[in-house]
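Accompanying notes for the structure given below.
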There are 4 protein chains.
Amino acid sequence: MAEKVLAAVQVGVKETELREFDLPEVPADAGILKIEVSGVCGSDWPAYKKWEGPRILGHEVVGRIYKIGEVAAKRWGVKEGDRVALEEYLPCGYCDRCRTGEFRLCDFTDKWMGGTRYGFTSITEAPSLWGGYSTYMYLHPNSVLHNVPDHVPAAEAALALPLGNGIEWAYVEGGAGIGKTVLIQGPGQQGLACVLAAKEAGADCIIVSGLTADANRLELAKKFGADYTIDVQKEDLIERVKEITGGKLADIVLDVSSGGPATVTLALEAVKKRGTVVLSGQKQQPIPDFYSDKMISKYITLKGVRGHSFGAVERAIEMIASGKYPLNELCSHEFGLSSVDEALRSVGGEGVPGVIHITVNPWL
Amino acid sequence: MAEKVLAAVQVGVKETELREFDLPEVPADAGILKIEVSGVCGSDWPAYKKWEGPRILGHEVVGRIYKIGEVAAKRWGVKEGDRVALEEYLPCGYCDRCRTGEFRLCDFTDKWMGGTRYGFTSITEAPSLWGGYSTYMYLHPNSVLHNVPDHVPAAEAALALPLGNGIEWAYVEGGAGIGKTVLIQGPGQQGLACVLAAKEAGADCIIVSGLTADANRLELAKKFGADYTIDVQKEDLIERVKEITGGKLADIVLDVSSGGPATVTLALEAVKKRGTVVLSGQKQQPIPDFYSDKMISKYITLKGVRGHSFGAVERAIEMIASGKYPLNELCSHEFGLSSVDEALRSVGGEGVPGVIHITVNPWL
Amino acid sequence: MAEKVLAAVQVGVKETELREFDLPEVPADAGILKIEVSGVCGSDWPAYKKWEGPRILGHEVVGRIYKIGEVAAKRWGVKEGDRVALEEYLPCGYCDRCRTGEFRLCDFTDKWMGGTRYGFTSITEAPSLWGGYSTYMYLHPNSVLHNVPDHVPAAEAALALPLGNGIEWAYVEGGAGIGKTVLIQGPGQQGLACVLAAKEAGADCIIVSGLTADANRLELAKKFGADYTIDVQKEDLIERVKEITGGKLADIVLDVSSGGPATVTLALEAVKKRGTVVLSGQKQQPIPDFYSDKMISKYITLKGVRGHSFGAVERAIEMIASGKYPLNELCSHEFGLSSVDEALRSVGGEGVPGVIHITVNPWL
Amino acid sequence: MAEKVLAAVQVGVKETELREFDLPEVPADAGILKIEVSGVCGSDWPAYKKWEGPRILGHEVVGRIYKIGEVAAKRWGVKEGDRVALEEYLPCGYCDRCRTGEFRLCDFTDKWMGGTRYGFTSITEAPSLWGGYSTYMYLHPNSVLHNVPDHVPAAEAALALPLGNGIEWAYVEGGAGIGKTVLIQGPGQQGLACVLAAKEAGADCIIVSGLTADANRLELAKKFGADYTIDVQKEDLIERVKEITGGKLADIVLDVSSGGPATVTLALEAVKKRGTVVLSGQKQQPIPDFYSDKMISKYITLKGVRGHSFGAVERAIEMIASGKYPLNELCSHEFGLSSVDEALRSVGGEGVPGVIHITVNPWL
């Protein structure tokens, strides 16, 4: 009799239910992961609010190889029992983007183009087990795996993707480095990951802005290396940045906030002449009062970004494994499979207050 | 008795008058240029429409060293009689930007910050001779000179700055190179300079878009290397770009148009995933329907740019001197000092029709 | 009864013989190529002179998909009858290098590490058909394919890899571009490919040096865009480069020669302060009188390179397909399978004189 | 009566004597620095061993503006009493290199070309005061100044140039950053500066190699962030690097040692495929057994470097001023003007043992 898999399946807007699946057969070039934990990404909240058919959410997945086909074992260089973190992407491996190291933009797996990826694809696509809020997950032949040392606590290992994003956005795209002043708008898990990346990269001055309700997160930002925090409801962001920098403004502004569009125009104000603004926070609306002329007069580069490269996730796991930062403080809550709705609502601000990064442990 | 200088001084909105000045004394670290011609830049038109005090416009200046102080001769490596092209900038030479090769953004000479520069500064600032629509111009100690070979026709030498811009924007900032598809919005002198630069850099496919009234300029774009031109009043820009590129869109979009803000949002449509948009055309208004989320979903980099680096102008002069391109076709009109008003109005579309690049020859 | 394959198998030092193989079964993730032609690479000569077990040489392969498994067809986006050029590499697709766009250095396929690749691997490794001097070749699941338009002559299509090298070395690694002076040492097929790449990239001045025996190749270099050629047996290389450049020396020196080690030390002499030297020509011996201090005093960057990236080969095929350059002049000779020994000896200078790029056509 | 200046003038091989000079007149575009301390650079030793005419050595100079001309005050943005650190360079400000941010290679000041610079130029060139082992120094119009905060101890401020070198070589040229493994050969003041820069830039693993006699310096390397040190007289460098990196070798090797040429060939062994070797340590002899083929097979980039950019020195002063590292431990000895010979001999290993970075304080 087939082994059983238990998963929290999204069955409607803001609604999941527990369902049982048979553990699928394993093709030679695929495998099955026994999940330890799955992190709850900020992007799970908009997905959860939208009904796009039944699916298992969760794409920040850490676990151990449970079964593996012969071909996959050779290709991936892993065996049963090995501990890995997965990327959400399932890149084809053969297109121009995959050939040039930009596999996160491969059309096969690009969610903006309806691609297949973890934590996103419907259970109607065999073998259904595409998400992390589950006891087991299918390892598609296109999976991108990273080794995770045994000593790393599971909840910290689940930070591999958000911290990978932070490294990609702050360091690779933003150019955070020795002597740079970096302003990070939004102290959520992505903002905090950007703080860690900027700090690790040698940024001279790190400023984080948020709301009054973000007080705890701003406090945590300081523990991770932020030099200054700004409550934009109590202080004028631009005036404060001028004050901190002696009028020089920021070399790099990272807008990772998911609030209204005002942060985009503020970013253009807060960045210095010849500076860089990195945008990853989606606004779901046009930006009012967006003067492109300001980009010309200040010679600004504005980069829209999303996701992470392979190297950024490798670097993230190394940073996590080093134990150099108190990452356990990021790992605020753990929920079981039966509490996935609460976990998701909490990330959206409608559940448990004070969450930072939540993991779902399917074995609780 | 002092030698006399004749100059067209802007004395009001869209109004110049001829005035005589004494040739100033030459300090040891400065000089006097005897002007051959001054090109009329597209940016002269908005300046001409605004009254900011009396000044001599014209900053695309070519001429010969008429007098030179001992210190300047040594520093600049030139002597009386040498032929040079000037940059509009007068960088201080000592600030961070000057020390790092970004002197065009030096606060001392940045017009967005009220700095001193050629073709911009008031005659009330001694010794008055800051502009190119004049028989002689003052060579400030901070001047940036480029040698110009004797065999180059003066009107073509006056293209050093606009072509320098084209090289900076299309090649240095945009990354035009082997195999790239480049869309250039706006076939004015800057757009045509971008065509030349993209062609020289090995771009695989160059597309130029303009209005029906730009028919002549679009034709010229083809002579300079454009593979396709698009009349946006007769064809749908995005559909046409898709058709030309087999649906792949453009690697690089250069918006050098000075029309309405629609070109900015069109640029985000016309560029491919992971592509670059370079903006230099000012819009004097906010961009309606600017969705920053599109920059994220397409992973677009948007660069506001202005002006040129030292190297770009050196490369421009080499390109001009090589005789490789029929640049004389860019040099559509020449006016004398007494016709500076007509020259400026023509660049603004209110004078002689069909102009591309105009030069003012003060000795006509 | 199985279809038959005819191939020229290397059976000893400088010795091949024709052998017949059965056309292998095609796994779902693999295929069979019907070869049109295979180019003879300069590196075939040292391979041919060394006996490393029986193998089919030839790795610049152009042909049509003859059979293809279902999985491979989907992954590669091709069907039977499609025309493709192959890379020599068979990258694993899963290691760090493959994930970051550097697949040519993947250990699985790195010949310096005994990897599997076309034109190199023994016939004792199933299914034997690893080389291009054959009527058919096995398409391993790891194959890297590039589409080739039907209108391109086969012999020119076989230039995809050498021209890809030229683009990688001169443009990507060397930084050839607008205004650059490039010296290319060695006018063989690689040197000529570097000329084409440097020209396409907008290099201002291209100089090619060779021996008296290279007179024809130097002549061809001029047709491809070289501004100057130097016969190093008749002229002093450094004196001549100084003369040509007005004492400024070269921005970029490409040493693609396979002669003695003197070209390396000459490259350090010929390059200007802060210049780049790209080395791809192997010397099989240490470099006498290599003063690293000269690299410090002149602030030189010296890059060892080999092979090509995916993008460079794509760009090469676009350049070939454009018909912009008289590439047929590079395609000096065509041989049949029964003349593979002669073809190889000719590349090594022991056969037909005056060869530039040879192709083997297995259907002659 | 003119004020007097006391300086240690080199009057022969390894010989200085105290001489008195008149404080020179100050032209409008120049100034006089009252020196606090001058650091003794490793390169002072070879200079001291060579007799090139009478001169005042010392070019790591920190002091206060004593007198300043009106023009210089405006250009440099300083006034009497301001505290500054000087670069050794006196760039012309007008050549291609100065215009493009590479002023350290400006011919005017390039010592390899006999240029004028601090700590190098003869006292026969007016006004003689070109070196730091003196109570006052002439501030030439071409001087490059950096502000130094008052709270920084003088001996630490004198580290601005060596630490600037470390930042330039390890970070800017070497690419030290998040996740990188960096091997530094030679734990002298430059090697230790490279450790600091690599650490600040987020390098994952820093290894420093030296001799048994370097035990103290290797210990200090650990305090500055080195993860491992290797005594190459007791351990096999390559074996140890393999062991530490799990066989992966180093991403970046910095050879800042001044010993024999063996470190260059070891660097090619210790660096991984596609890695970077940065060379700044001069060898005064050719490198035996330099196989350029190894650079090709491993796809290595080898960079000869010297000196620092403006930005690197700014970053260095920020790092020093931050108090983040125990830099006082680098500042091992202070000597007075009458002990300059002892200071120089100590740097050369012929004086006081155990020196790391020495400063000369002319007021002791």
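As shown in the structure tokens, the chain order sets the letters A, B, ...; within each chain, residues go from 1, and ligands are also counted from 1 in the order they appear.
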Neighbours of chain B in chain C at 12 Å, counting only C-alpha atoms, as a ChimeraX atom specification: /C:164,166-168,170-172,175-181,196-205,311-322,324
Export of the given selection (C-alpha atoms) as a short mmCIF file (atom, residue, chain, number, x, y, z; two decimals), in the first residue's frame:
```
data_model
loop_
_atom_site.label_atom_id
_atom_site.label_comp_id
_atom_site.auth_asym_id
_atom_site.auth_seq_id
_atom_site.Cartn_x
_atom_site.Cartn_y
_atom_site.Cartn_z
CA GLY C 164 32.36 32.23 -30.71
CA GLY C 166 36.81 35.22 -31.04
CA ILE C 167 33.83 37.02 -29.55
CA GLU C 168 34.51 35.60 -26.09
CA ALA C 170 38.30 39.80 -27.92
CA TYR C 171 34.95 41.27 -26.87
CA VAL C 172 33.78 39.66 -23.63
CA GLY C 175 36.82 44.42 -23.78
CA ALA C 176 37.29 45.33 -27.44
CA GLY C 177 34.91 48.18 -28.18
CA ILE C 178 34.58 51.72 -29.43
CA GLY C 179 37.91 53.49 -29.63
CA LYS C 180 40.09 50.58 -28.58
CA THR C 181 43.41 49.61 -30.18
CA LEU C 196 36.12 39.85 -36.87
CA ALA C 197 34.94 40.18 -33.29
CA ALA C 198 37.05 43.26 -32.60
CA LYS C 199 35.87 44.89 -35.81
CA GLU C 200 32.22 44.14 -35.06
CA ALA C 201 32.66 45.56 -31.57
CA GLY C 202 33.86 48.89 -32.92
CA ALA C 203 37.59 48.68 -32.25
CA ASP C 204 39.27 51.77 -33.61
CA CYS C 205 42.54 50.21 -34.67
CA GLY C 311 25.91 33.83 -25.69
CA ALA C 312 29.16 34.17 -27.64
CA VAL C 313 28.16 31.29 -29.92
CA GLU C 314 24.68 32.74 -30.39
CA ARG C 315 26.26 36.04 -31.38
CA ALA C 316 28.67 34.23 -33.71
CA ILE C 317 25.82 32.52 -35.55
CA GLU C 318 24.01 35.84 -35.90
CA MET C 319 27.16 37.41 -37.34
CA ILE C 320 27.62 34.52 -39.75
CA ALA C 321 23.97 34.57 -40.81
CA SER C 322 24.05 38.32 -41.40
CA LYS C 324 28.12 41.01 -43.35
#
```
Those of range 115-306 of chain B in DSSP helix (DSSP H, G or I), formatted as a ChimeraX atom specification: /B:154-157,160-173,189-200,212-223,237-244,262-270,292-297
Selection: 7 Å around Val11 in chain D, only C-alpha atoms, excl. self and same-chain fewer than 2 positions, as number ranges by chain: D: 9, 15-17, 53-54
Store the residues picked out above in a file with C-alpha atoms, as a tab-separated table (two decimals), in the first residue's frame.
```
chain	number	residue	atom	x	y	z
D	9	VAL	CA	67.34	64.31	4.11
D	15	GLU	CA	71.95	57.44	5.13
D	16	THR	CA	69.98	60.51	6.14
D	17	GLU	CA	71.03	63.67	7.92
D	53	GLY	CA	70.04	62.22	-5.13
D	54	PRO	CA	69.17	64.11	-1.97
```
Val148 in chain C environment, 8 Å, only C-alpha atoms, sequence neighbours closer than 5 positions dropped, as a ChimeraX atom specification: /C:83-85,157,317
Near-Asp214 in chain A list (12 Å; only C-alpha atoms; drop same-chain fewer than 5 positions) as a list in words: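 These residues fall inside the cut-off: Gln185, Gly186, Pro187, Gly188, Gln189, Gly191, Leu192, Val208, Ser209, Glu219, Leu220, Ala221, Thr229, Ile230, Asp231, Val232, Gln233, Ser257, Gly349, Pro353, Gly354, Val355 and Ile356 of chain A.
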Can you tell me which residues surround range 268-272 of chain B at a distance of at most 10 Å, considering only C-alpha atoms, apart from same-chain residues fewer than 5 positions away, and format the answer as a compact mmCIF listing (two decimals) with N, CA and C atoms, in the first residue's frame?
```txt
# COMPACT_ATOMS: atom_id res chain seq x y z
N THR B 181 19.75 44.15 -29.68
CA THR B 181 18.68 44.87 -30.36
C THR B 181 18.41 46.15 -29.59
N VAL B 182 18.50 47.27 -30.29
CA VAL B 182 18.40 48.58 -29.65
C VAL B 182 17.25 49.36 -30.27
N LEU B 183 16.34 49.82 -29.43
CA LEU B 183 15.26 50.71 -29.90
C LEU B 183 15.57 52.12 -29.43
N LEU B 237 3.75 51.06 -32.09
CA LEU B 237 5.16 50.85 -31.79
C LEU B 237 5.43 49.44 -31.26
N ILE B 238 4.68 49.04 -30.26
CA ILE B 238 4.96 47.76 -29.61
C ILE B 238 4.71 46.59 -30.57
N GLU B 239 3.62 46.66 -31.31
CA GLU B 239 3.34 45.58 -32.26
C GLU B 239 4.45 45.46 -33.29
N ARG B 240 4.92 46.60 -33.73
CA ARG B 240 5.96 46.61 -34.75
C ARG B 240 7.29 46.07 -34.20
N VAL B 241 7.60 46.45 -32.97
CA VAL B 241 8.85 45.95 -32.37
C VAL B 241 8.75 44.44 -32.18
N LYS B 242 7.59 43.98 -31.78
CA LYS B 242 7.40 42.52 -31.64
C LYS B 242 7.61 41.82 -32.97
N GLY B 247 9.01 38.73 -31.56
CA GLY B 247 8.41 38.64 -30.23
C GLY B 247 9.38 38.80 -29.09
N LYS B 248 10.66 38.94 -29.42
CA LYS B 248 11.67 38.99 -28.35
C LYS B 248 11.83 40.36 -27.70
N LEU B 249 11.34 41.39 -28.36
CA LEU B 249 11.46 42.76 -27.86
C LEU B 249 12.93 43.23 -27.86
N ALA B 250 13.16 44.40 -27.31
CA ALA B 250 14.49 45.02 -27.41
C ALA B 250 15.33 44.76 -26.15
N ASP B 251 16.63 44.57 -26.35
CA ASP B 251 17.54 44.47 -25.20
C ASP B 251 17.67 45.82 -24.50
N ILE B 252 17.72 46.85 -25.31
CA ILE B 252 18.00 48.20 -24.80
C ILE B 252 17.01 49.17 -25.46
N VAL B 253 16.36 50.00 -24.67
CA VAL B 253 15.53 51.07 -25.23
C VAL B 253 16.11 52.40 -24.76
N LEU B 254 16.35 53.29 -25.70
CA LEU B 254 16.85 54.63 -25.38
C LEU B 254 15.74 55.63 -25.64
N THR B 263 6.37 58.03 -23.99
CA THR B 263 7.51 57.21 -24.41
C THR B 263 8.12 56.43 -23.25
N VAL B 277 16.50 50.23 -19.94
CA VAL B 277 15.94 51.43 -20.54
C VAL B 277 16.78 52.61 -20.09
N PHE B 290 2.58 55.04 -14.59
CA PHE B 290 3.89 54.42 -14.42
C PHE B 290 3.76 53.32 -13.37
N TYR B 291 3.76 52.08 -13.84
CA TYR B 291 3.65 50.93 -12.93
C TYR B 291 5.05 50.42 -12.61
N SER B 292 5.50 50.69 -11.41
CA SER B 292 6.82 50.17 -11.03
C SER B 292 6.78 48.64 -10.97
N LYS B 294 5.76 46.67 -13.12
CA LYS B 294 6.20 46.13 -14.42
C LYS B 294 7.73 46.04 -14.45
N MET B 295 8.37 46.97 -13.78
CA MET B 295 9.83 46.88 -13.71
C MET B 295 10.27 45.65 -12.94
N LYS B 298 9.31 42.35 -15.12
CA LYS B 298 10.22 42.20 -16.27
C LYS B 298 11.69 42.36 -15.87
N TYR B 299 11.93 42.62 -14.63
CA TYR B 299 13.31 42.76 -14.12
C TYR B 299 14.07 43.79 -14.97
N ILE B 300 13.48 44.97 -15.04
CA ILE B 300 14.02 46.04 -15.90
C ILE B 300 14.93 46.98 -15.10
N THR B 301 16.00 47.41 -15.73
CA THR B 301 16.82 48.49 -15.19
C THR B 301 16.55 49.76 -15.98
N LEU B 302 16.26 50.83 -15.25
CA LEU B 302 15.90 52.12 -15.86
C LEU B 302 16.94 53.12 -15.39
```
